[in-house]
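Next comes my_file.cif, a file with mmCIF, C-alpha atoms.
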data_input
#
loop_
_atom_site.label_atom_id
_atom_site.label_comp_id
_atom_site.auth_asym_id
_atom_site.auth_seq_id
_atom_site.Cartn_x
_atom_site.Cartn_y
_atom_site.Cartn_z
CA MET A 9 113.42 115.29 108.86
CA LYS A 10 112.60 111.62 108.63
CA VAL A 11 110.62 109.83 105.93
CA SER A 12 107.89 109.01 108.46
CA GLU A 13 107.45 112.71 109.19
CA ILE A 14 106.72 113.74 105.61
CA VAL A 15 104.10 111.01 105.22
CA GLN A 16 101.57 112.83 107.34
CA ALA A 17 102.76 116.36 106.73
CA ALA A 18 102.53 116.02 102.95
CA GLY A 19 99.52 113.70 102.88
CA LEU A 20 101.29 110.68 101.38
CA GLU A 21 100.24 107.06 101.42
CA VAL A 22 102.89 104.49 102.30
CA LYS A 23 102.69 101.63 99.80
CA THR A 24 105.85 99.66 100.55
CA ALA A 25 108.58 99.06 103.16
CA THR A 26 106.65 100.41 106.15
CA ASN A 27 109.52 99.46 108.44
CA HIS A 28 112.05 101.63 106.56
CA LEU A 29 110.58 105.03 107.35
CA ASP A 30 113.24 105.99 109.83
CA THR A 31 115.76 107.29 107.30
CA GLU A 32 116.81 110.92 107.60
CA ILE A 33 116.02 112.88 104.43
CA THR A 34 118.98 114.80 103.00
CA GLY A 35 117.10 116.61 100.24
CA GLY A 36 114.81 116.10 97.30
CA TYR A 37 114.90 115.55 93.55
CA ALA A 38 112.10 115.60 91.01
CA GLY A 39 112.21 114.29 87.47
CA ASP A 40 111.28 111.43 85.18
CA LEU A 41 114.50 110.89 83.27
CA LEU A 42 116.18 108.03 85.05
CA SER A 43 119.63 108.97 83.82
CA ALA A 44 119.20 112.46 85.21
CA VAL A 45 118.13 111.03 88.56
CA MET A 46 121.18 108.77 88.60
CA ALA A 47 123.42 111.70 87.83
CA SER A 48 121.94 114.32 90.13
CA ALA A 49 120.02 112.82 93.06
CA LYS A 50 122.07 112.37 96.21
CA GLU A 51 122.12 109.69 98.85
CA GLY A 52 119.22 110.03 101.27
CA ASN A 53 117.13 112.19 98.90
CA VAL A 54 113.43 111.69 98.28
CA TRP A 55 112.67 111.38 94.61
CA VAL A 56 109.41 112.65 93.16
CA THR A 57 108.44 110.83 89.97
CA TRP A 58 105.55 109.94 87.75
CA HIS A 59 106.91 106.49 86.92
CA VAL A 60 105.55 103.33 88.51
CA HIS A 61 107.56 100.61 86.76
CA PRO A 62 110.01 98.39 88.68
CA ASN A 63 113.08 100.23 87.47
CA ILE A 64 112.44 103.13 89.81
CA VAL A 65 113.38 100.76 92.63
CA ALA A 66 116.65 99.86 90.95
CA VAL A 67 117.47 103.57 90.61
CA ALA A 68 116.57 104.18 94.25
CA VAL A 69 118.79 101.32 95.42
CA LEU A 70 121.73 102.40 93.28
CA VAL A 71 121.80 105.98 94.47
CA LYS A 72 120.60 105.04 97.97
CA LEU A 73 117.50 107.19 98.02
CA ALA A 74 115.51 107.52 101.24
CA ALA A 75 112.16 107.13 99.50
CA ILE A 76 110.30 107.41 96.21
CA VAL A 77 107.28 109.70 96.00
CA VAL A 78 104.95 108.72 93.17
CA VAL A 79 102.59 111.48 92.03
CA SER A 80 99.05 111.74 90.67
CA GLY A 81 97.84 108.85 92.83
CA ARG A 82 99.19 106.39 90.30
CA GLU A 83 98.76 102.67 90.83
CA LEU A 84 102.09 100.86 91.29
CA GLU A 85 102.94 97.87 89.15
CA GLU A 86 102.92 94.59 91.07
CA GLU A 87 106.57 93.90 90.33
CA THR A 88 107.48 97.38 91.59
CA VAL A 89 105.84 96.66 94.94
CA ARG A 90 107.55 93.29 95.21
CA LYS A 91 110.99 94.73 94.42
CA ALA A 92 110.56 97.68 96.76
CA GLU A 93 109.60 95.39 99.64
CA GLU A 94 112.58 93.18 98.89
CA GLU A 95 115.00 96.11 98.81
CA GLY A 96 113.39 98.03 101.66
CA ILE A 97 112.63 101.13 99.57
CA PRO A 98 109.56 103.06 100.79
CA ILE A 99 107.25 104.17 97.99
CA LEU A 100 104.89 106.95 99.04
CA VAL A 101 102.01 107.91 96.81
CA SER A 102 100.76 111.48 96.54
CA ARG A 103 97.25 112.30 95.22
CA LEU A 104 98.60 115.59 93.91
CA LEU A 105 100.40 116.37 90.66
CA THR A 106 104.18 116.76 90.59
CA PHE A 107 104.18 120.54 90.92
CA GLU A 108 101.96 120.54 94.02
CA THR A 109 103.75 117.57 95.59
CA VAL A 110 107.15 119.17 95.23
CA GLY A 111 105.73 122.43 96.58
CA ARG A 112 104.52 120.71 99.74
CA LEU A 113 107.79 118.90 100.31
CA HIS A 114 109.73 122.10 99.76
CA GLY A 115 107.42 123.83 102.19
CA LEU A 116 108.38 121.24 104.80
CA GLY A 117 111.99 122.36 104.47
CA ILE A 118 113.26 119.79 101.98
CA SER A 119 115.48 121.40 99.38
CA GLY A 120 117.19 120.25 96.21
CA PRO A 121 120.50 118.36 96.14
CA LYS A 122 123.52 120.54 96.88
CA MET B 9 131.55 109.73 112.53
CA VAL B 10 132.30 106.41 114.23
CA GLU B 11 131.67 108.00 117.63
CA LYS B 12 128.30 109.17 116.49
CA ALA B 13 127.40 105.77 115.08
CA ARG B 14 128.32 104.13 118.37
CA PHE B 15 126.28 106.56 120.37
CA THR B 16 123.14 106.08 118.35
CA ARG B 17 123.71 102.33 118.47
CA ILE B 18 123.65 102.47 122.25
CA GLN B 19 120.48 104.54 122.23
CA GLU B 20 118.97 101.99 119.90
CA LEU B 21 120.02 99.12 122.17
CA VAL B 22 118.67 100.78 125.28
CA TYR B 23 115.27 100.81 123.61
CA GLN B 24 115.57 97.36 122.10
CA MET B 25 116.97 95.34 124.98
CA LYS B 26 114.72 94.02 127.69
CA THR B 27 115.31 93.65 131.39
CA ASP B 28 115.48 89.85 131.31
CA GLU B 29 118.41 90.01 128.88
CA VAL B 30 120.71 91.69 131.38
CA MET B 31 119.35 91.09 134.91
CA THR B 32 121.16 88.93 137.43
CA ARG B 33 119.19 85.73 137.95
CA HIS B 34 121.14 83.91 140.62
CA ILE B 35 120.56 86.25 143.45
CA VAL B 36 121.30 86.09 147.11
CA THR B 37 118.35 86.91 149.31
CA VAL B 38 118.07 87.40 153.04
CA THR B 39 115.03 86.70 155.24
CA SER B 40 113.25 89.19 157.40
CA GLU B 41 114.70 87.42 160.45
CA THR B 42 118.32 87.92 159.35
CA PHE B 43 120.13 90.14 161.85
CA MET B 44 121.54 93.45 160.68
CA SER B 45 124.88 92.41 162.14
CA GLU B 46 124.99 89.48 159.69
CA LEU B 47 124.15 91.66 156.70
CA ARG B 48 127.61 93.16 156.24
CA GLY B 49 129.20 89.75 155.74
CA ILE B 50 126.51 88.65 153.30
CA LEU B 51 126.83 91.79 151.19
CA ARG B 52 130.62 91.69 151.27
CA ASP B 53 130.96 87.98 150.44
CA ASN B 54 128.62 88.30 147.48
CA ARG B 55 129.97 91.68 146.37
CA ILE B 56 126.55 93.24 146.26
CA ALA B 57 125.20 96.49 147.61
CA GLY B 58 121.66 95.40 148.33
CA THR B 59 119.31 92.46 148.16
CA PRO B 60 115.62 91.50 148.34
CA VAL B 61 114.22 90.36 151.66
CA MET B 62 112.09 87.20 151.64
CA SER B 63 109.55 85.84 154.06
CA GLU B 64 107.74 82.56 153.44
CA GLY B 65 108.60 82.62 149.76
CA GLN B 66 107.32 86.18 149.26
CA MET B 67 109.39 89.29 148.76
CA VAL B 68 108.56 91.64 151.61
CA GLY B 69 111.19 94.33 151.17
CA ILE B 70 114.65 95.31 150.01
CA ILE B 71 117.71 96.08 152.11
CA SER B 72 120.83 97.93 150.99
CA VAL B 73 124.23 99.12 152.14
CA GLU B 74 122.63 102.50 152.73
CA ASP B 75 120.19 100.98 155.24
CA PHE B 76 123.15 99.28 156.88
CA ILE B 77 125.12 102.54 157.18
CA ASN B 78 122.11 104.33 158.64
CA TRP B 79 121.73 101.52 161.15
CA LEU B 80 125.40 101.87 162.11
CA ALA B 81 125.10 105.63 162.40
CA GLU B 82 122.17 105.23 164.74
CA GLY B 83 124.23 103.12 167.10
CA ALA B 84 123.90 99.64 165.64
CA VAL B 85 121.29 98.53 168.12
CA GLY B 86 120.41 94.86 167.72
CA ALA B 87 117.82 94.62 164.98
CA THR B 88 116.56 92.31 162.24
CA VAL B 89 116.50 93.18 158.57
CA ALA B 90 112.70 93.48 158.76
CA GLU B 91 113.05 96.50 161.03
CA ARG B 92 115.41 98.42 158.76
CA MET B 93 114.40 97.42 155.22
CA THR B 94 112.46 99.43 152.64
CA ARG B 95 108.98 97.95 152.49
CA ASP B 96 107.55 99.93 149.64
CA VAL B 97 109.50 98.13 146.94
CA LYS B 98 109.42 99.37 143.37
CA VAL B 99 109.69 96.47 140.95
CA ILE B 100 110.51 95.97 137.30
CA TYR B 101 108.93 93.42 134.98
CA PRO B 102 111.18 91.25 132.79
CA ASP B 103 109.75 92.59 129.53
CA GLU B 104 110.40 96.25 130.34
CA SER B 105 112.96 97.91 128.08
CA LEU B 106 116.23 99.12 129.56
CA VAL B 107 115.40 102.73 128.83
CA HIS B 108 112.51 102.35 131.27
CA VAL B 109 114.72 100.90 133.94
CA VAL B 110 117.31 103.64 133.53
CA SER B 111 114.70 106.35 133.97
CA LYS B 112 113.20 104.60 137.02
CA LEU B 113 116.64 104.26 138.62
CA ASP B 114 117.05 107.99 138.11
CA GLN B 115 113.59 108.86 139.29
CA TYR B 116 113.80 106.97 142.59
CA GLY B 117 117.53 107.27 143.15
CA PHE B 118 117.75 103.53 143.80
CA GLY B 119 120.72 101.38 142.94
CA ARG B 120 118.71 98.29 142.08
CA PHE B 121 115.27 96.94 141.37
CA PRO B 122 113.92 93.46 141.99
CA VAL B 123 112.57 91.92 138.79
CA VAL B 124 109.30 90.06 139.27
CA GLU B 125 106.88 88.17 137.04
CA ARG B 126 104.09 90.33 135.72
CA GLU B 127 101.56 87.75 136.81
CA GLY B 128 102.04 86.25 140.24
CA GLY B 129 104.81 88.58 141.26
CA LYS B 130 107.39 85.81 141.64
CA LEU B 131 110.92 87.17 142.20
CA LEU B 132 113.08 86.42 139.14
CA GLY B 133 116.20 88.45 139.75
CA VAL B 134 117.69 91.86 140.33
CA ILE B 135 118.72 94.57 137.90
CA THR B 136 121.37 97.20 138.68
CA LYS B 137 123.10 99.95 136.70
CA GLY B 138 126.08 97.62 136.49
CA ASP B 139 123.95 94.91 134.84
CA ILE B 140 122.72 97.41 132.27
CA ILE B 141 126.19 98.67 131.42
CA GLU B 142 127.56 95.15 131.21
CA GLY B 143 124.67 93.99 129.04
CA LEU B 144 125.09 96.90 126.64
CA LEU B 145 128.83 96.43 126.38
CA HIS B 146 128.37 92.74 125.72
CA LYS B 147 125.89 93.40 122.94
CA LEU B 148 128.15 96.06 121.41
CA GLU B 149 131.07 93.69 121.54
CA ILE B 150 129.12 90.99 119.72
CA GLY B 151 128.14 93.51 117.05
CA PHE B 152 131.71 94.68 116.77
CA HIS B 153 133.04 91.13 116.34
CA GLU B 154 130.45 90.33 113.71
CA GLU B 155 131.35 93.46 111.83
CA GLU B 156 135.03 92.74 112.14
CA MET B 157 134.58 89.21 110.84
CA ARG B 158 132.51 90.40 107.93
CA HIS B 159 135.17 92.93 107.02
CA TYR B 160 137.85 90.36 107.41
CA ARG B 161 136.19 87.90 105.08
CA ALA B 162 135.83 90.42 102.33
CA SER B 163 137.99 93.48 102.40
CA HIS B 164 141.33 91.87 103.19
CA ILE B 165 140.99 89.66 100.20
CA PHE B 166 143.74 91.36 98.24
CA GLU B 167 146.19 90.93 101.08
CA ASP B 168 145.12 87.37 101.74
CA LEU B 169 145.35 86.07 98.20
CA ILE B 170 148.94 85.40 97.30
CA ALA B 171 149.82 86.34 93.76
CA ASP B 172 151.84 88.91 91.89
CA ARG B 173 148.60 90.29 90.56
CA THR B 174 145.04 89.49 91.61
CA THR B 175 141.97 90.24 89.54
CA LEU B 176 138.46 89.34 90.61
CA ILE B 177 135.90 89.13 87.84
CA PHE B 178 132.16 89.39 88.40
CA GLN B 179 129.89 88.67 85.50
CA TYR B 180 126.23 89.56 85.05
CA ARG B 181 124.06 88.50 82.13
CA VAL B 182 121.68 91.08 80.71
CA ILE B 183 118.57 90.17 78.72
CA GLY B 184 117.65 92.54 75.91
CA ASN B 185 114.31 94.38 75.99
CA ASN B 186 113.45 93.06 79.43
CA PHE B 187 112.70 96.13 81.49
CA ASN B 188 111.50 94.12 84.46
CA LYS B 189 114.90 92.65 85.10
CA ALA B 190 116.75 95.77 84.00
CA GLY B 191 119.05 97.19 86.66
CA SER B 192 119.36 93.93 88.55
CA GLY B 193 122.92 93.34 87.31
CA ALA B 194 124.01 96.76 88.50
CA SER B 195 122.23 96.27 91.85
CA ARG B 196 123.87 92.91 92.43
CA LEU B 197 127.29 94.24 91.44
CA LYS B 198 126.88 97.16 93.84
CA LYS B 199 126.00 94.79 96.69
CA THR B 200 128.95 92.56 95.94
CA LEU B 201 131.43 95.43 95.83
CA GLY B 202 129.89 96.83 98.99
CA ARG B 203 130.69 93.55 100.71
CA LEU B 204 134.26 93.82 99.46
CA GLY B 205 134.44 97.10 101.35
CA VAL B 206 134.73 99.40 98.32
CA ASP B 207 134.64 103.07 99.31
CA PRO B 208 131.06 104.44 99.07
CA ARG B 209 131.99 107.26 96.69
CA VAL B 210 133.63 104.84 94.27
CA LEU B 211 130.70 102.50 94.74
CA ARG B 212 128.30 105.19 93.60
CA ARG B 213 130.34 105.89 90.45
CA ILE B 214 130.48 102.19 89.64
CA ALA B 215 126.76 101.76 90.24
CA ILE B 216 125.96 104.55 87.78
CA ILE B 217 128.35 103.20 85.15
CA ALA B 218 127.03 99.66 85.48
CA TYR B 219 123.40 100.78 85.46
CA GLU B 220 123.74 102.97 82.38
CA ALA B 221 125.71 100.27 80.56
CA GLU B 222 123.12 97.69 81.52
CA MET B 223 120.27 99.92 80.34
CA ASN B 224 122.00 100.39 77.00
CA LEU B 225 122.13 96.63 76.58
CA VAL B 226 118.44 96.35 77.52
CA ILE B 227 117.24 99.19 75.31
CA TYR B 228 119.33 98.75 72.18
CA THR B 229 120.57 95.16 71.97
CA ASN B 230 119.37 91.60 72.30
CA GLY B 231 121.32 91.34 75.50
CA GLY B 232 124.89 90.85 76.55
CA GLU B 233 126.93 90.88 79.67
CA ILE B 234 128.39 93.23 82.24
CA LEU B 235 131.78 92.37 83.65
CA ALA B 236 133.50 93.98 86.59
CA LYS B 237 137.23 93.44 86.95
CA VAL B 238 138.36 94.31 90.42
CA GLU B 239 142.02 94.81 91.20
CA SER B 240 143.65 96.27 94.27
CA GLY B 241 143.95 99.77 92.77
CA SER B 242 141.32 99.88 90.05
CA ILE B 243 137.93 98.65 88.96
CA THR B 244 136.98 98.21 85.32
CA ILE B 245 133.44 97.78 84.08
CA GLU B 246 133.01 96.17 80.71
CA ALA B 247 129.78 95.85 78.75
CA ARG B 248 129.68 93.51 75.75
CA ASP B 249 127.00 92.66 73.24
CA ASP B 250 126.65 91.02 69.80
CA GLY B 251 124.97 93.85 67.99
CA PRO B 252 123.50 95.73 66.31
CA GLY B 253 126.46 98.08 66.89
CA ILE B 254 126.63 101.87 66.89
CA PRO B 255 126.88 103.49 63.41
CA ASP B 256 128.24 106.81 64.66
CA VAL B 257 130.12 106.47 67.95
CA GLU B 258 130.97 110.16 68.18
CA ARG B 259 127.35 111.18 67.84
CA ALA B 260 126.29 108.57 70.37
CA LEU B 261 128.56 110.32 72.85
CA THR B 262 126.85 113.69 72.31
CA PRO B 263 124.69 114.59 75.33
CA GLY B 264 121.01 114.29 74.51
CA TYR B 265 121.50 112.35 71.27
CA SER B 266 119.34 109.25 71.35
CA THR B 267 117.91 106.70 68.97
CA ALA B 268 115.57 105.21 71.55
CA ALA B 269 112.01 104.36 70.54
CA ASP B 270 109.21 106.52 71.90
CA TRP B 271 107.81 103.83 74.16
CA VAL B 272 111.27 103.45 75.72
CA ARG B 273 111.44 107.20 76.36
CA GLU B 274 108.05 107.07 77.98
CA LEU B 275 109.53 104.75 80.56
CA GLY B 276 112.09 107.39 81.40
CA PHE B 277 114.94 105.79 79.49
CA GLY B 278 116.74 106.72 76.33
CA ALA B 279 117.32 110.36 77.20
CA GLY B 280 120.68 110.33 75.47
CA MET B 281 122.55 110.80 78.74
CA GLY B 282 123.74 107.27 79.43
CA LEU B 283 127.16 107.32 77.81
CA CYS B 284 127.76 110.86 79.12
CA ASN B 285 126.98 109.72 82.63
CA ILE B 286 129.41 106.85 82.22
CA ARG B 287 132.11 109.17 80.93
CA GLU B 288 131.53 111.53 83.87
CA CYS B 289 131.91 108.73 86.40
CA ALA B 290 134.88 106.94 84.86
CA ASP B 291 138.51 107.97 84.84
CA GLN B 292 138.94 106.40 81.41
CA MET B 293 136.37 105.24 78.90
CA LYS B 294 136.74 103.28 75.67
CA LEU B 295 133.97 102.51 73.23
CA ASP B 296 134.48 100.16 70.27
CA SER B 297 131.63 99.28 68.01
CA VAL B 298 131.23 97.52 64.70
CA VAL B 299 127.82 97.63 63.03
CA GLY B 300 126.45 94.11 62.71
CA GLU B 301 129.00 92.67 65.09
CA GLY B 302 128.59 94.33 68.43
CA THR B 303 129.82 96.88 70.92
CA ARG B 304 132.37 96.77 73.68
CA LEU B 305 132.44 99.49 76.32
CA GLU B 306 135.16 99.73 78.90
CA ALA B 307 135.05 102.18 81.79
CA ARG B 308 137.86 102.26 84.32
CA ILE B 309 137.99 103.82 87.73
CA SER B 310 141.47 104.16 89.12
CA SER B 311 141.12 107.09 91.51
CA GLY B 312 140.05 106.57 95.08
CA VAL B 313 139.77 102.79 94.84
CA LYS B 314 140.17 101.65 98.42
CA PHE B 315 138.91 98.65 100.36
CA LYS B 316 138.17 99.14 104.00
#
Could you write out this file's structure as structure tokens?
Amino acid sequence: MKVSEIVQAAGLEVKTATNHLDTEITGGYAGDLLSAVMASAKEGNVWVTWHVHPNIVAVAVLVKLAAIVVVSGRELEEETVRKAEEEGIPILVSRLLTFETVGRLHGLGISGPK
Amino acid sequence: MVEKARFTRIQELVYQMKTDEVMTRHIVTVTSETFMSELRGILRDNRIAGTPVMSEGQMVGIISVEDFINWLAEGAVGATVAERMTRDVKVIYPDESLVHVVSKLDQYGFGRFPVVEREGGKLLGVITKGDIIEGLLHKLEIGFHEEEMRHYRASHIFEDLIADRTTLIFQYRVIGNNFNKAGSGASRLKKTLGRLGVDPRVLRRIAIIAYEAEMNLVIYTNGGEILAKVESGSITIEARDDGPGIPDVERALTPGYSTAADWVRELGFGAGMGLCNIRECADQMKLDSVVGEGTRLEARISSGVKFK
């Protein structure tokens, strides 16, 4: 399943890197401890997080994530948007809380890193 | 893996490339008054299997080897091209993508299409399956050369540099307490090593080590530097700072132990996993710290270090 496909299916809003939605999703990871994301998320995963600061982009670049899903309809910091555009990392915003967001993504067939 | 990449690249190109990139522009045409008996020579001399038929500057039809063979089979009675040509000509516009052309060739079973201007219908050229294949191969070849050159510039560096031992050092400055810039050193290092052709699995380990080390400098110190020493069989990441130093190194290495301030934890940092992550990713790790003087962390990766 591609990033572009979950946008509609999970009701997400694309905030950055609209031309990088073609990546195939390999799985998903949810969590707000950046070290844990670094250690456990796999290349091509979507990462569900509550954070909106610029460092989420650095994490996404380093572990080559397919996209970041920000929950609770949070407003992204300006610097985060700028960095994400520069690095080509799509940030998708969900109106739902983490639990519901993950549930929807899982329902679409995305499972945790193996 | 490579096969697959190539295949998808071709699919991508077929969608991307337009007719005017591959069509033949200098085309031979015949007029409607040309005799069928002359056609064979024209087709043979120009090594083509068909060609548009013109009359008073307008394309009026298309004639092919197949028409010629049918004419022969029916006794080769004296005739002009106008009498044997296909009048209902299907055309292609120069901005149509190749995938369109391929499907039209299939659909009609034709060998070629005249390419005409969208407005005015002026004949611009002809496109055949051969043109498409040649165009794709050419584009692939260019891509291949570019890739090859890029690899050459970077990954053969250890063979090209003549020395008994070669070490490349990359240095990144880290500013303390600046979370906006945090991670940029690790990102830049990862890009650089990627260009050197470092194996992706090793690259991931290095990225994690460098990021965690960088975050430690940002969170706990007034800044410092990250160094990467790259040799042909190993890569060493070093993080140095001028203090405050770690009072209890052993405790600092305990998973989950952290002295980070609450506001730092709220940002998702300071979970007490950084040094553990580094230790997991490195083949060897050394941590020296003197309170009031500074800390020096060295993480070495010696397994799987390859440049391709």
_Within 12 Å of chain B: residues of chain A, using all atoms listed in the file, as a ChimeraX atom specification_ = /A:39-51,57-73,85-88,90-91,95
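A straight line drawn from atom CA of B:Leu113 to atom CA of B:Glu74 is 15.4 Å long.
Between atom CA of A:Thr31 and atom CA of B:Ala221 the separation is 29.4 Å.
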_With all atoms listed in the file as the counted atoms, please give the residues lying no more than 12 Å from B:Lys112, apart from itself and same-chain residues fewer than 3 positions off, as JSON, numbers by chain._
{"B": [98, 99, 100, 104, 105, 106, 107, 108, 109, 115, 116, 117, 118, 119, 120, 121, 135, 136, 137]}
*Find the residue from A:Val77, A:Val54, A:Leu104, A:Ile99 that sits nearest to A:Gly120; use only C-alpha atoms when measuring.*
A:Val54
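Our summary of the geometry notes that atom CA of B:Ala290 is positioned 11.5 Å from atom CA of B:Gly312.
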*asked:* Please list as a list of chain:residue names every residue within 8 Å of A:Val110, counting only C-alpha atoms and excluding residues in the same chain fewer than 3 positions away.
replied: A:Ala38, A:Val56, A:Thr106, A:Phe107, A:Leu113, A:His114
